[in-house]
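Novice: Just passing along the structure, written as structure tokens.
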Amino acid sequence: MFQRSPVETMYFENTMYYLKRDDLLHADFSGNKARKLAWLLEKAPLGVTRIVSYGSNQSNAMYSLSALARIKGWEFIYVCDHVPSYLKYNPIGNYAYALNNGMQLFVDSNRRERAMSFVQEATTLFIEEGGAQEEAAYGIKLLAKEIELWAYENKVEPSIFLPSGTGATALYLERYSSFDVFTCNCVGKPSYLEEQFRLLEPDERLWPTILPPPRTFHYGKPKQELYTLWKRLKQESDVEFDLVYDPVGWVSLLHHQERIPKPIMYIHQGGIKGNVSMLERYRYKGIAP
Ligand SMILES: *Cc1c(COP(=O)(O)O)cnc(C)c1O
């Protein structure tokens, strides 16, 4: 069902980058979470009528699951631990888009347990928070193969850079592609990312290289520096990046430029539908106009 996502060139601060536009993978089902959920799209067992998951009220995975359920004609049940009243009465971002796709939302402080309670026999599939489960490797492998094919056709040997949350995407890309993968920790310290790598791959030699941000950024927290860079990227390259991971990704990439053999391919992992809610937080902090 997926077409190959395009590869473009972009220039920033006098350096050329290849940009893998995974944000353009599909109109409704794109980016990192679509890759992680590709196994559901292409290999879901027959007879499935419902998917159940849990996580935060603005998660990219929540939105992607809602889009997938809609494409497949499945029921989608999702549990989060709270929905603030401003969001409930003025739905925006991934939350609004997911409800629009027919998501049935439940609020419970025991999110995972409550979600499990909706599982009925073989007709229900239970999806871990963020789509983080073994099957996610399937879609990341397809991404790695697309990059390999593109590189072969264009006679380029790129270094790959992408920002990490759990690090699963970076780790699987390193595993399934022949190119070196570089990443940065957007959640917690580099040691957190290493722990996540270790859960998936005990052999450290098979891990991506971590290039940590030059300063500590708290996950998802608005920062003037990050907003300024995000806007400059938009103005100078005409590409809208995600506001949660990409600014930290670019700060780290620019800081460690000389450690990454050129040319560099940056993976645009989508997440754009969440920008409206992030921009609202930036406005609330007085950073965005
Ligand atoms: C989930 C996500 C990531 C992080 O992916 P991991 O595999 O958890 O490292 C990065 N960017 C976007 C836009 C995402 O939705």
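Convention: chains lettered A, B, ... in structure tokens order; per-chain residue numbering from 1; ligands numbered from 1 as shown.
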Throw together the list of residues within 8 Å of ligand 1, counting only C-alpha atoms and all ligand atoms, and drop it here as a PDB file with C-alpha atoms, in the first residue's frame.
Specialist:
ATOM      1  CA  GLY A  31       5.746   9.523   9.342  1.00  0.00           C
ATOM      2  CA  ASN A  32       7.374   7.512  12.071  1.00  0.00           C
ATOM      3  CA  LYS A  33       4.241   6.047  13.633  1.00  0.00           C
ATOM      4  CA  SER A  59       0.313  11.446  20.815  1.00  0.00           C
ATOM      5  CA  ASN A  60       1.332  10.961  17.188  1.00  0.00           C
ATOM      6  CA  ALA A  61       0.681   7.231  17.572  1.00  0.00           C
ATOM      7  CA  GLY A 130       3.522   4.641  20.848  1.00  0.00           C
ATOM      8  CA  ALA A 132       6.403   0.332  20.519  1.00  0.00           C
ATOM      9  CA  LEU A 162      17.241  11.214  12.899  1.00  0.00           C
ATOM     10  CA  PRO A 163      16.155  12.385  16.363  1.00  0.00           C
ATOM     11  CA  SER A 164      15.131   9.669  18.855  1.00  0.00           C
ATOM     12  CA  GLY A 165      12.467   9.165  21.470  1.00  0.00           C
ATOM     13  CA  THR A 166      12.652   5.504  22.415  1.00  0.00           C
ATOM     14  CA  GLY A 167      15.410   5.023  19.842  1.00  0.00           C
ATOM     15  CA  ALA A 168      13.667   2.031  18.255  1.00  0.00           C
ATOM     16  CA  THR A 169      13.598   3.619  14.805  1.00  0.00           C
ATOM     17  CA  ALA A 170      17.286   4.574  14.869  1.00  0.00           C
ATOM     18  CA  ASP A 242       7.821  18.676  13.826  1.00  0.00           C
ATOM     19  CA  VAL A 244       8.778  18.090  19.478  1.00  0.00           C
ATOM     20  CA  TYR A 245      11.702  16.104  18.062  1.00  0.00           C
ATOM     21  CA  ASP A 246      13.085  17.934  15.039  1.00  0.00           C
ATOM     22  CA  HIS A 268      11.677  13.715   8.356  1.00  0.00           C
ATOM     23  CA  GLN A 269       9.509  11.522  10.569  1.00  0.00           C
ATOM     24  CA  GLY A 270       6.254  13.469  10.305  1.00  0.00           C
ATOM     25  CA  GLY A 271       4.393  14.571  13.418  1.00  0.00           C
ATOM     26  CA  ILE A 272       3.225  17.798  11.751  1.00  0.00           C
TER      27      ILE A 272
END
Novice: Give me the residues within 7 Å of A:Lys36 as a list in words, counting only C-alpha atoms and dropping any in the same chain fewer than 2 places off.
Specialist: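 What passes the distance filter is Asn32, Lys33, Ala34, Ala38, Gly131, Ala136, Ala137, Gly139 and Ile140 of chain A.
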Novice: Select, from A:Leu143, A:Val79, A:Val251, A:Ile51, the residue with the minimum atom-to-atom distance to A:Pro212, counting only C-alpha atoms.
Specialist: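 So, comparing all the options, the nearest one is A:Val251.
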Novice: Can you tell me which residues surround A:Arg232 at a distance of at most 12 Å, considering only C-alpha atoms, apart from same-chain residues fewer than 2 positions away, and format the answer as a list in words?
Specialist: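 Contacts, with the query itself left out: Tyr11, Phe12, Glu13, Glu225, Leu226, Tyr227, Thr228, Leu229, Trp230, Lys234, Gln235, Glu236, Ser237, Asp238, Val239, Glu240, Phe241, Pro247, Trp250 and Val251 of chain A.
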Novice: Check the smallest atom-to-atom distance from each of A:Ala67, A:Val52, A:Tyr152, A:Asp22 to A:Phe126 using only C-alpha atoms, then report the winner.
Specialist: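 For A:Phe126, the nearest of the candidates is A:Val52.
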Novice: Which residue, A:Thr216, A:Ser85, A:Asn94, A:Ser56, has the smallest gap to A:Lys273 when you use only C-alpha atoms?
Specialist: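 Counting only C-alpha atoms, the residue closest to A:Lys273 is A:Asn94.
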Novice: Using only C-alpha atoms, find the one residue out of A:Tyr18, A:Phe106, A:Phe118, A:Trp150 that sits nearest to A:Gly55.
Specialist: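 Counting only C-alpha atoms, the residue closest to A:Gly55 is A:Phe106.
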Novice: Could you tell me how far atom CA of A:Leu206 sits from atom CA of A:Tyr219, in Å to one decimal place?
Specialist: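 So the two atoms, atom CA of A:Tyr219 and atom CA of A:Leu206, lie 25.8 Å apart.
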Novice: Using only C-alpha atoms, pick whichever of A:Thr123, A:Thr15, A:Ser117, A:Gln58 has the shortest atom-to-atom distance to A:Leu253.
Specialist: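 Distance minimum relative to A:Leu253 lands on A:Thr15.
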Novice: Take atom CA of A:Thr9 and atom CA of A:Arg215 and report the distance between them in Å, one decimal.
Specialist: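 A separation of 28.1 Å between them.
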Novice: Could you give me, as a ChimeraX atom specification, the residues within 10 Å of A:Phe2, counting only C-alpha atoms and dropping anything in the same chain fewer than 4 positions from it?
Specialist: /A:25-26,29-30,34-35,38,41-42,142
Novice: Could you take the residues named above and write them with C-alpha atoms, as a PDB file, in the first residue's frame?
Specialist:
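Below you can see again.pdb, which holds the result:
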ATOM      1  CA  LEU A  25       4.409   8.783   2.894  1.00  0.00           C
ATOM      2  CA  HIS A  26       0.614   8.904   2.659  1.00  0.00           C
ATOM      3  CA  PHE A  29      -1.042   7.783   7.504  1.00  0.00           C
ATOM      4  CA  SER A  30       2.537   9.006   7.436  1.00  0.00           C
ATOM      5  CA  ALA A  34       2.921   4.925  10.248  1.00  0.00           C
ATOM      6  CA  ARG A  35       6.186   3.035   9.720  1.00  0.00           C
ATOM      7  CA  ALA A  38       2.854  -0.679   8.829  1.00  0.00           C
ATOM      8  CA  LEU A  41      -1.774  -2.176   7.633  1.00  0.00           C
ATOM      9  CA  GLU A  42      -0.204  -4.961   5.633  1.00  0.00           C
ATOM     10  CA  LEU A 142      10.948  -1.258   4.685  1.00  0.00           C
TER      11      LEU A 142
END
Novice: Determine, counting only C-alpha atoms, which protein, DNA and RNA residues have an atom within 12 Å of an atom of A:Pro91; residues of the same chain fewer than 6 positions away are not included. Present the result as a list in words.
Specialist: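 Contacts, with the query itself left out: Asn57, Gln58, Val83, Pro84, Ser85, Tyr97, Ala98, Leu99, Asn100, Gly274, Val276, Ser277 and Glu280 of chain A.
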Novice: Only N, CA and C atoms, please: the residues just picked out, written as a short mmCIF file (atom, residue, chain, number, x, y, z; two decimals), in the first residue's frame.
Specialist:
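Once written, selection.cif looks like this:
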data_model
loop_
_atom_site.label_atom_id
_atom_site.label_comp_id
_atom_site.auth_asym_id
_atom_site.auth_seq_id
_atom_site.Cartn_x
_atom_site.Cartn_y
_atom_site.Cartn_z
N ASN A 57 -2.63 12.28 25.47
CA ASN A 57 -3.78 12.81 24.73
C ASN A 57 -3.39 13.60 23.48
N GLN A 58 -2.09 13.77 23.22
CA GLN A 58 -1.68 14.43 21.97
C GLN A 58 -0.67 13.57 21.20
N VAL A 83 -7.64 14.35 30.29
CA VAL A 83 -7.86 15.29 29.19
C VAL A 83 -8.21 16.62 29.85
N PRO A 84 -7.32 17.61 29.75
CA PRO A 84 -7.61 18.91 30.39
C PRO A 84 -8.87 19.53 29.78
N SER A 85 -9.60 20.30 30.58
CA SER A 85 -10.89 20.81 30.08
C SER A 85 -10.71 21.74 28.89
N TYR A 97 -7.96 15.49 15.54
CA TYR A 97 -7.96 14.68 14.32
C TYR A 97 -8.35 13.22 14.62
N ALA A 98 -7.89 12.71 15.75
CA ALA A 98 -8.19 11.31 16.10
C ALA A 98 -9.68 11.15 16.41
N LEU A 99 -10.25 12.08 17.17
CA LEU A 99 -11.69 12.01 17.46
C LEU A 99 -12.49 12.07 16.16
N ASN A 100 -12.03 12.92 15.27
CA ASN A 100 -12.67 13.08 13.98
C ASN A 100 -12.65 11.78 13.16
N GLY A 274 0.67 17.44 14.99
CA GLY A 274 0.77 17.83 16.39
C GLY A 274 1.29 19.26 16.57
N VAL A 276 0.06 22.19 15.77
CA VAL A 276 -0.90 23.20 16.26
C VAL A 276 -0.96 23.23 17.79
N SER A 277 -0.95 22.07 18.41
CA SER A 277 -1.04 22.06 19.87
C SER A 277 0.28 22.50 20.50
N GLU A 280 0.42 26.24 20.27
CA GLU A 280 -0.42 26.85 21.31
C GLU A 280 0.37 26.97 22.62
#
Novice: Run DSSP on the backbone and give me the residues of stretch 22-183 of chain A it puts in helix (DSSP H, G or I), as a ChimeraX atom specification.
Specialist: /A:22-24,31-36,38-43,60-72,85-89,93-100,111-116,121-123,129-131,134-154,168-176
Novice: Taking 6 positions as the minimum chain separation for residues in the same chain, which residues sit within 10 Å of A:Leu125 when counting only C-alpha atoms? Answer as a PDB file with N, CA and C atoms, in the first residue's frame.
Specialist:
ATOM      1  N   LEU A  40       0.517  -3.590  10.776  1.00  0.00           N
ATOM      2  CA  LEU A  40      -0.931  -3.697  10.971  1.00  0.00           C
ATOM      3  C   LEU A  40      -1.676  -3.468   9.665  1.00  0.00           C
ATOM      4  N   ALA A  44      -2.140  -7.524   9.202  1.00  0.00           N
ATOM      5  CA  ALA A  44      -3.042  -7.791  10.319  1.00  0.00           C
ATOM      6  C   ALA A  44      -3.789  -9.093  10.082  1.00  0.00           C
ATOM      7  N   PRO A  45      -3.961  -9.898  11.135  1.00  0.00           N
ATOM      8  CA  PRO A  45      -4.686 -11.157  10.968  1.00  0.00           C
ATOM      9  C   PRO A  45      -6.119 -10.905  10.493  1.00  0.00           C
ATOM     10  N   VAL A  48      -9.871  -9.242  12.371  1.00  0.00           N
ATOM     11  CA  VAL A  48      -9.722  -8.151  13.336  1.00  0.00           C
ATOM     12  C   VAL A  48     -10.817  -7.111  13.086  1.00  0.00           C
ATOM     13  N   THR A  49     -11.462  -6.679  14.171  1.00  0.00           N
ATOM     14  CA  THR A  49     -12.501  -5.652  14.019  1.00  0.00           C
ATOM     15  C   THR A  49     -12.234  -4.460  14.915  1.00  0.00           C
ATOM     16  N   ARG A  50     -11.259  -4.597  15.821  1.00  0.00           N
ATOM     17  CA  ARG A  50     -11.046  -3.540  16.810  1.00  0.00           C
ATOM     18  C   ARG A  50      -9.571  -3.445  17.194  1.00  0.00           C
ATOM     19  N   ILE A  51      -9.070  -2.217  17.317  1.00  0.00           N
ATOM     20  CA  ILE A  51      -7.745  -2.047  17.904  1.00  0.00           C
ATOM     21  C   ILE A  51      -7.868  -1.214  19.179  1.00  0.00           C
ATOM     22  N   VAL A  52      -7.027  -1.530  20.147  1.00  0.00           N
ATOM     23  CA  VAL A  52      -7.077  -0.883  21.450  1.00  0.00           C
ATOM     24  C   VAL A  52      -5.671  -0.424  21.801  1.00  0.00           C
ATOM     25  N   SER A  53      -5.536   0.819  22.277  1.00  0.00           N
ATOM     26  CA  SER A  53      -4.219   1.281  22.711  1.00  0.00           C
ATOM     27  C   SER A  53      -4.374   2.333  23.810  1.00  0.00           C
ATOM     28  N   PHE A  76     -11.755   1.782  17.027  1.00  0.00           N
ATOM     29  CA  PHE A  76     -10.503   2.171  17.705  1.00  0.00           C
ATOM     30  C   PHE A  76     -10.809   2.717  19.099  1.00  0.00           C
ATOM     31  N   MET A 116      -6.529  -2.866  28.299  1.00  0.00           N
ATOM     32  CA  MET A 116      -6.559  -4.330  28.221  1.00  0.00           C
ATOM     33  C   MET A 116      -7.977  -4.866  28.416  1.00  0.00           C
ATOM     34  N   PHE A 118     -10.604  -3.894  27.281  1.00  0.00           N
ATOM     35  CA  PHE A 118     -11.419  -3.843  26.063  1.00  0.00           C
ATOM     36  C   PHE A 118     -11.061  -4.942  25.065  1.00  0.00           C
ATOM     37  N   VAL A 119     -10.050  -5.727  25.418  1.00  0.00           N
ATOM     38  CA  VAL A 119      -9.604  -6.767  24.483  1.00  0.00           C
ATOM     39  C   VAL A 119     -10.569  -7.947  24.512  1.00  0.00           C
TER      40      VAL A 119
END
Novice: Would you give me, as a VMD selection string, the residues in stretch 37-276 of chain A that DSSP reads as strand (DSSP E)?
Specialist: chain A and resid 50 to 54 75 to 80 104 to 107 124 to 126 159 to 164 181 to 185 209 to 210 264 to 268
Novice: Report the distance between atom CA of A:Gly286 and atom CA of A:Gly220 in Å, rounded to one decimal place.
Specialist: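 These two atoms are separated by 15.9 Å.
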